[in-house]
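Dropping my_file.cif in here (mmCIF, N, CA and C atoms):
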data_final
loop_
_atom_site.label_atom_id
_atom_site.label_comp_id
_atom_site.auth_asym_id
_atom_site.auth_seq_id
_atom_site.Cartn_x
_atom_site.Cartn_y
_atom_site.Cartn_z
N MET A 1 18.04 -6.82 -50.45
CA MET A 1 18.83 -6.30 -49.39
C MET A 1 18.13 -5.12 -48.70
N VAL A 2 17.49 -4.28 -49.46
CA VAL A 2 16.80 -3.12 -48.92
C VAL A 2 15.60 -3.57 -48.07
N LEU A 3 14.90 -4.60 -48.47
CA LEU A 3 13.76 -5.09 -47.72
C LEU A 3 14.17 -5.63 -46.35
N LEU A 4 15.30 -6.27 -46.26
CA LEU A 4 15.78 -6.78 -44.98
C LEU A 4 16.08 -5.65 -44.01
N GLN A 5 16.61 -4.57 -44.50
CA GLN A 5 16.91 -3.44 -43.64
C GLN A 5 15.62 -2.78 -43.14
N ALA A 6 14.61 -2.71 -43.93
CA ALA A 6 13.34 -2.11 -43.53
C ALA A 6 12.67 -2.97 -42.46
N ASP A 7 12.74 -4.29 -42.59
CA ASP A 7 12.14 -5.17 -41.60
C ASP A 7 12.85 -5.08 -40.25
N ALA A 8 14.14 -4.90 -40.25
CA ALA A 8 14.89 -4.80 -39.00
C ALA A 8 14.44 -3.55 -38.22
N GLY A 9 14.18 -2.45 -38.89
CA GLY A 9 13.71 -1.24 -38.22
C GLY A 9 12.32 -1.43 -37.65
N ALA A 10 11.45 -2.12 -38.35
CA ALA A 10 10.09 -2.36 -37.87
C ALA A 10 10.12 -3.27 -36.65
N GLY A 11 11.06 -4.20 -36.59
CA GLY A 11 11.18 -5.09 -35.44
C GLY A 11 11.53 -4.33 -34.18
N ASN A 12 12.36 -3.32 -34.29
CA ASN A 12 12.73 -2.51 -33.13
C ASN A 12 11.53 -1.75 -32.58
N TYR A 13 10.70 -1.22 -33.47
CA TYR A 13 9.51 -0.50 -33.01
C TYR A 13 8.52 -1.44 -32.34
N SER A 14 8.33 -2.61 -32.89
CA SER A 14 7.39 -3.55 -32.28
C SER A 14 7.90 -4.00 -30.92
N PHE A 15 9.20 -4.15 -30.75
CA PHE A 15 9.79 -4.50 -29.45
C PHE A 15 9.52 -3.39 -28.44
N LEU A 16 9.71 -2.14 -28.85
CA LEU A 16 9.46 -1.02 -27.94
C LEU A 16 7.99 -0.94 -27.55
N ILE A 17 7.11 -1.18 -28.51
CA ILE A 17 5.67 -1.16 -28.22
C ILE A 17 5.32 -2.29 -27.26
N LEU A 18 5.91 -3.46 -27.46
CA LEU A 18 5.68 -4.60 -26.57
C LEU A 18 6.16 -4.28 -25.16
N MET A 19 7.33 -3.71 -25.03
CA MET A 19 7.86 -3.36 -23.70
C MET A 19 6.99 -2.31 -23.01
N ALA A 20 6.55 -1.32 -23.76
CA ALA A 20 5.68 -0.29 -23.19
C ALA A 20 4.36 -0.91 -22.73
N GLY A 21 3.83 -1.82 -23.51
CA GLY A 21 2.59 -2.51 -23.13
C GLY A 21 2.77 -3.34 -21.87
N MET A 22 3.91 -4.02 -21.76
CA MET A 22 4.18 -4.82 -20.56
C MET A 22 4.31 -3.93 -19.33
N PHE A 23 4.97 -2.78 -19.48
CA PHE A 23 5.08 -1.86 -18.36
C PHE A 23 3.71 -1.33 -17.95
N ALA A 24 2.86 -1.02 -18.92
CA ALA A 24 1.51 -0.53 -18.60
C ALA A 24 0.71 -1.59 -17.85
N VAL A 25 0.80 -2.83 -18.27
CA VAL A 25 0.10 -3.91 -17.58
C VAL A 25 0.62 -4.06 -16.16
N MET A 26 1.94 -4.04 -15.99
CA MET A 26 2.51 -4.14 -14.64
C MET A 26 2.05 -2.99 -13.76
N TYR A 27 2.01 -1.79 -14.32
CA TYR A 27 1.60 -0.63 -13.54
C TYR A 27 0.16 -0.78 -13.06
N PHE A 28 -0.76 -1.14 -13.96
CA PHE A 28 -2.17 -1.18 -13.60
C PHE A 28 -2.55 -2.41 -12.77
N PHE A 29 -1.78 -3.48 -12.83
CA PHE A 29 -2.12 -4.68 -12.06
C PHE A 29 -1.28 -4.87 -10.81
N MET A 30 -0.14 -4.19 -10.70
CA MET A 30 0.71 -4.40 -9.54
C MET A 30 1.02 -3.13 -8.77
N ILE A 31 1.53 -2.14 -9.43
CA ILE A 31 2.02 -0.94 -8.74
C ILE A 31 0.86 -0.08 -8.24
N ARG A 32 -0.09 0.21 -9.09
CA ARG A 32 -1.20 1.10 -8.72
C ARG A 32 -2.04 0.55 -7.56
N PRO A 33 -2.44 -0.74 -7.57
CA PRO A 33 -3.21 -1.25 -6.43
C PRO A 33 -2.42 -1.20 -5.11
N GLN A 34 -1.11 -1.44 -5.16
CA GLN A 34 -0.30 -1.37 -3.95
C GLN A 34 -0.25 0.05 -3.41
N GLN A 35 -0.11 1.03 -4.29
CA GLN A 35 -0.10 2.43 -3.85
C GLN A 35 -1.45 2.81 -3.24
N LYS A 36 -2.53 2.33 -3.83
CA LYS A 36 -3.87 2.62 -3.31
C LYS A 36 -4.04 2.01 -1.92
N LYS A 37 -3.57 0.79 -1.75
CA LYS A 37 -3.68 0.11 -0.45
C LYS A 37 -2.87 0.84 0.61
N GLN A 38 -1.66 1.29 0.28
CA GLN A 38 -0.84 2.04 1.21
C GLN A 38 -1.50 3.35 1.61
N LYS A 39 -2.12 4.02 0.65
CA LYS A 39 -2.79 5.29 0.94
C LYS A 39 -3.97 5.07 1.88
N GLU A 40 -4.75 4.01 1.66
CA GLU A 40 -5.89 3.71 2.53
C GLU A 40 -5.41 3.36 3.94
N GLN A 41 -4.32 2.59 4.06
CA GLN A 41 -3.76 2.22 5.36
C GLN A 41 -3.30 3.47 6.11
N GLN A 42 -2.61 4.36 5.42
CA GLN A 42 -2.13 5.59 6.04
C GLN A 42 -3.29 6.46 6.51
N LYS A 43 -4.35 6.53 5.72
CA LYS A 43 -5.52 7.31 6.10
C LYS A 43 -6.18 6.72 7.35
N MET A 44 -6.30 5.39 7.40
CA MET A 44 -6.90 4.72 8.55
C MET A 44 -6.09 5.00 9.81
N VAL A 45 -4.77 4.94 9.70
CA VAL A 45 -3.91 5.15 10.87
C VAL A 45 -3.99 6.59 11.36
N THR A 46 -4.04 7.55 10.46
CA THR A 46 -4.11 8.95 10.89
C THR A 46 -5.46 9.30 11.50
N GLU A 47 -6.51 8.55 11.16
CA GLU A 47 -7.84 8.85 11.69
C GLU A 47 -8.17 8.08 12.96
N LEU A 48 -7.21 7.37 13.55
CA LEU A 48 -7.48 6.63 14.79
C LEU A 48 -7.83 7.60 15.91
N LYS A 49 -8.79 7.21 16.72
CA LYS A 49 -9.20 8.02 17.86
C LYS A 49 -9.53 7.10 19.02
N PRO A 50 -9.52 7.63 20.24
CA PRO A 50 -9.86 6.79 21.40
C PRO A 50 -11.24 6.15 21.24
N GLY A 51 -11.32 4.88 21.60
CA GLY A 51 -12.56 4.14 21.49
C GLY A 51 -12.60 3.20 20.30
N ASP A 52 -11.72 3.41 19.31
CA ASP A 52 -11.66 2.52 18.14
C ASP A 52 -11.09 1.17 18.55
N GLU A 53 -11.68 0.10 18.06
CA GLU A 53 -11.12 -1.23 18.28
C GLU A 53 -10.23 -1.56 17.10
N VAL A 54 -9.00 -2.02 17.39
CA VAL A 54 -8.00 -2.27 16.37
C VAL A 54 -7.35 -3.63 16.55
N VAL A 55 -6.68 -4.06 15.49
CA VAL A 55 -5.85 -5.26 15.51
C VAL A 55 -4.47 -4.84 15.03
N THR A 56 -3.44 -5.18 15.80
CA THR A 56 -2.08 -4.83 15.39
C THR A 56 -1.59 -5.80 14.33
N SER A 57 -0.49 -5.46 13.69
CA SER A 57 0.07 -6.35 12.68
C SER A 57 0.57 -7.66 13.30
N GLY A 58 0.80 -7.67 14.61
CA GLY A 58 1.19 -8.88 15.32
C GLY A 58 0.00 -9.72 15.77
N GLY A 59 -1.22 -9.21 15.58
CA GLY A 59 -2.42 -9.96 15.91
C GLY A 59 -3.05 -9.62 17.24
N LEU A 60 -2.56 -8.60 17.94
CA LEU A 60 -3.10 -8.21 19.24
C LEU A 60 -4.37 -7.39 19.04
N HIS A 61 -5.45 -7.78 19.69
CA HIS A 61 -6.73 -7.07 19.62
C HIS A 61 -6.85 -6.16 20.83
N GLY A 62 -7.36 -4.95 20.62
CA GLY A 62 -7.53 -4.04 21.74
C GLY A 62 -8.31 -2.80 21.34
N LYS A 63 -8.49 -1.93 22.33
CA LYS A 63 -9.23 -0.68 22.13
C LYS A 63 -8.27 0.48 22.33
N VAL A 64 -8.33 1.46 21.42
CA VAL A 64 -7.45 2.62 21.50
C VAL A 64 -7.86 3.47 22.70
N VAL A 65 -6.86 3.79 23.54
CA VAL A 65 -7.10 4.62 24.71
C VAL A 65 -6.62 6.04 24.45
N ALA A 66 -5.46 6.17 23.80
CA ALA A 66 -4.90 7.49 23.52
C ALA A 66 -4.03 7.41 22.27
N THR A 67 -3.89 8.55 21.60
CA THR A 67 -3.01 8.63 20.42
C THR A 67 -2.21 9.92 20.49
N ASP A 68 -1.07 9.91 19.84
CA ASP A 68 -0.33 11.15 19.59
C ASP A 68 0.22 11.05 18.17
N ASP A 69 1.19 11.86 17.84
CA ASP A 69 1.68 11.92 16.45
C ASP A 69 2.25 10.59 15.96
N GLU A 70 2.95 9.86 16.82
CA GLU A 70 3.65 8.66 16.38
C GLU A 70 3.20 7.37 17.03
N THR A 71 2.52 7.45 18.18
CA THR A 71 2.17 6.23 18.91
C THR A 71 0.68 6.14 19.21
N VAL A 72 0.27 4.91 19.54
CA VAL A 72 -1.10 4.61 19.93
C VAL A 72 -1.03 3.79 21.21
N THR A 73 -1.83 4.14 22.21
CA THR A 73 -1.90 3.35 23.43
C THR A 73 -3.17 2.52 23.37
N ILE A 74 -3.01 1.20 23.59
CA ILE A 74 -4.12 0.26 23.44
C ILE A 74 -4.37 -0.44 24.77
N SER A 75 -5.65 -0.58 25.11
CA SER A 75 -6.06 -1.36 26.27
C SER A 75 -6.53 -2.72 25.77
N THR A 76 -5.93 -3.77 26.34
CA THR A 76 -6.30 -5.13 25.92
C THR A 76 -7.23 -5.78 26.93
N GLY A 77 -7.63 -5.08 27.93
CA GLY A 77 -8.49 -5.61 28.98
C GLY A 77 -7.77 -5.49 30.31
N GLY A 78 -8.51 -5.29 31.37
CA GLY A 78 -7.89 -5.11 32.68
C GLY A 78 -7.17 -3.78 32.75
N ALA A 79 -6.07 -3.76 33.50
CA ALA A 79 -5.32 -2.52 33.69
C ALA A 79 -4.16 -2.38 32.71
N ALA A 80 -3.97 -3.35 31.85
CA ALA A 80 -2.83 -3.32 30.92
C ALA A 80 -3.04 -2.25 29.84
N ARG A 81 -2.00 -1.47 29.64
CA ARG A 81 -1.97 -0.46 28.57
C ARG A 81 -0.69 -0.69 27.78
N LEU A 82 -0.82 -0.87 26.48
CA LEU A 82 0.33 -1.12 25.63
C LEU A 82 0.47 0.01 24.62
N THR A 83 1.70 0.45 24.39
CA THR A 83 1.96 1.53 23.45
C THR A 83 2.64 0.96 22.21
N PHE A 84 2.09 1.29 21.05
CA PHE A 84 2.60 0.82 19.77
C PHE A 84 2.86 2.01 18.85
N GLU A 85 3.77 1.82 17.90
CA GLU A 85 3.93 2.78 16.82
C GLU A 85 2.66 2.72 15.97
N LYS A 86 2.27 3.84 15.38
CA LYS A 86 1.05 3.85 14.59
C LYS A 86 1.12 2.91 13.39
N ASN A 87 2.31 2.75 12.81
CA ASN A 87 2.40 1.87 11.65
C ASN A 87 2.29 0.39 12.01
N ALA A 88 2.22 0.05 13.31
CA ALA A 88 2.02 -1.33 13.75
C ALA A 88 0.54 -1.72 13.77
N ILE A 89 -0.35 -0.77 13.56
CA ILE A 89 -1.78 -1.05 13.54
C ILE A 89 -2.13 -1.64 12.19
N GLY A 90 -2.68 -2.86 12.20
CA GLY A 90 -3.01 -3.54 10.96
C GLY A 90 -4.36 -3.15 10.39
N LYS A 91 -5.38 -3.12 11.26
CA LYS A 91 -6.71 -2.77 10.78
C LYS A 91 -7.61 -2.36 11.93
N LYS A 92 -8.70 -1.69 11.58
CA LYS A 92 -9.75 -1.33 12.54
C LYS A 92 -10.85 -2.37 12.44
N LYS A 93 -11.45 -2.70 13.57
CA LYS A 93 -12.57 -3.65 13.55
C LYS A 93 -13.83 -2.95 13.14
#
What does this structure look like when you write it as structure tokens?
Amino acid sequence: MVLLQADAGAGNYSFLILMAGMFAVMYFFMIRPQQKKQKEQQKMVTELKPGDEVVTSGGLHGKVVATDDETVTISTGGAARLTFEKNAIGKKK
């Protein structure tokens, strides 16, 4: 009877260790890379300057004409000038 009680306590510790291990794996394979990607995207958006060629998240290609704190004005060719929120910029070419 005493041995059964000792095994039940050891099972609880192994379960906790297993759960902690699963959380660590999730953190290093899912959460951390996503945070790193968001940080790089934010850095790219804050460093935009006139003359940079960009692609919006909607797929529009253009050249940055002007920027301010929240928006970016893009020239797509000709006289057209389009204003987008900075978070709509997907990537720099």
task = Could you check how far atom CA of Leu48 of chain A sits from atom CA of His61 of chain A, in Å to one decimal?
result =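 Between these atoms lies a distance of 14.5 Å.
Atom N of Tyr27 of chain A to atom C of Glu40 of chain A spans 20.4 Å [interatomic distance, one decimal].
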Segment 79-85 of chain A environment, 8 Å, all atoms listed in the file, sequence neighbours closer than 5 positions dropped, as a PyMOL selection string = chain A and resi 69-74
request  = Using backbone DSSP assignments, extract all helix (DSSP H, G or I) residues from chain A; output them as a PyMOL selection string.
outcome  = chain A and resi 2-46+86-88
task = For Leu60 of chain A, list every protein, DNA or RNA residue within 12 Å, evaluated using only C-alpha atoms, and leave out those in the same chain fewer than 6 positions away; present the list as a count of residues only.
result = 15
task = Per DSSP on the backbone, filter segment 19-57 of chain A down to the residues in strand (DSSP E) and report them as an NGL selection string.
result = :A and (53-56)
N, CA and C atoms of the current selection, written as a PDB file, keeping the file's coordinate frame:
ATOM      1  N   GLU A  53     -11.680   0.100  18.060  1.00  0.00           N
ATOM      2  CA  GLU A  53     -11.120  -1.230  18.280  1.00  0.00           C
ATOM      3  C   GLU A  53     -10.230  -1.560  17.100  1.00  0.00           C
ATOM      4  N   VAL A  54      -9.000  -2.020  17.390  1.00  0.00           N
ATOM      5  CA  VAL A  54      -8.000  -2.270  16.370  1.00  0.00           C
ATOM      6  C   VAL A  54      -7.350  -3.630  16.550  1.00  0.00           C
ATOM      7  N   VAL A  55      -6.680  -4.060  15.490  1.00  0.00           N
ATOM      8  CA  VAL A  55      -5.850  -5.260  15.510  1.00  0.00           C
ATOM      9  C   VAL A  55      -4.470  -4.840  15.030  1.00  0.00           C
ATOM     10  N   THR A  56      -3.440  -5.180  15.800  1.00  0.00           N
ATOM     11  CA  THR A  56      -2.080  -4.830  15.390  1.00  0.00           C
ATOM     12  C   THR A  56      -1.590  -5.800  14.330  1.00  0.00           C
TER      13      THR A  56
END
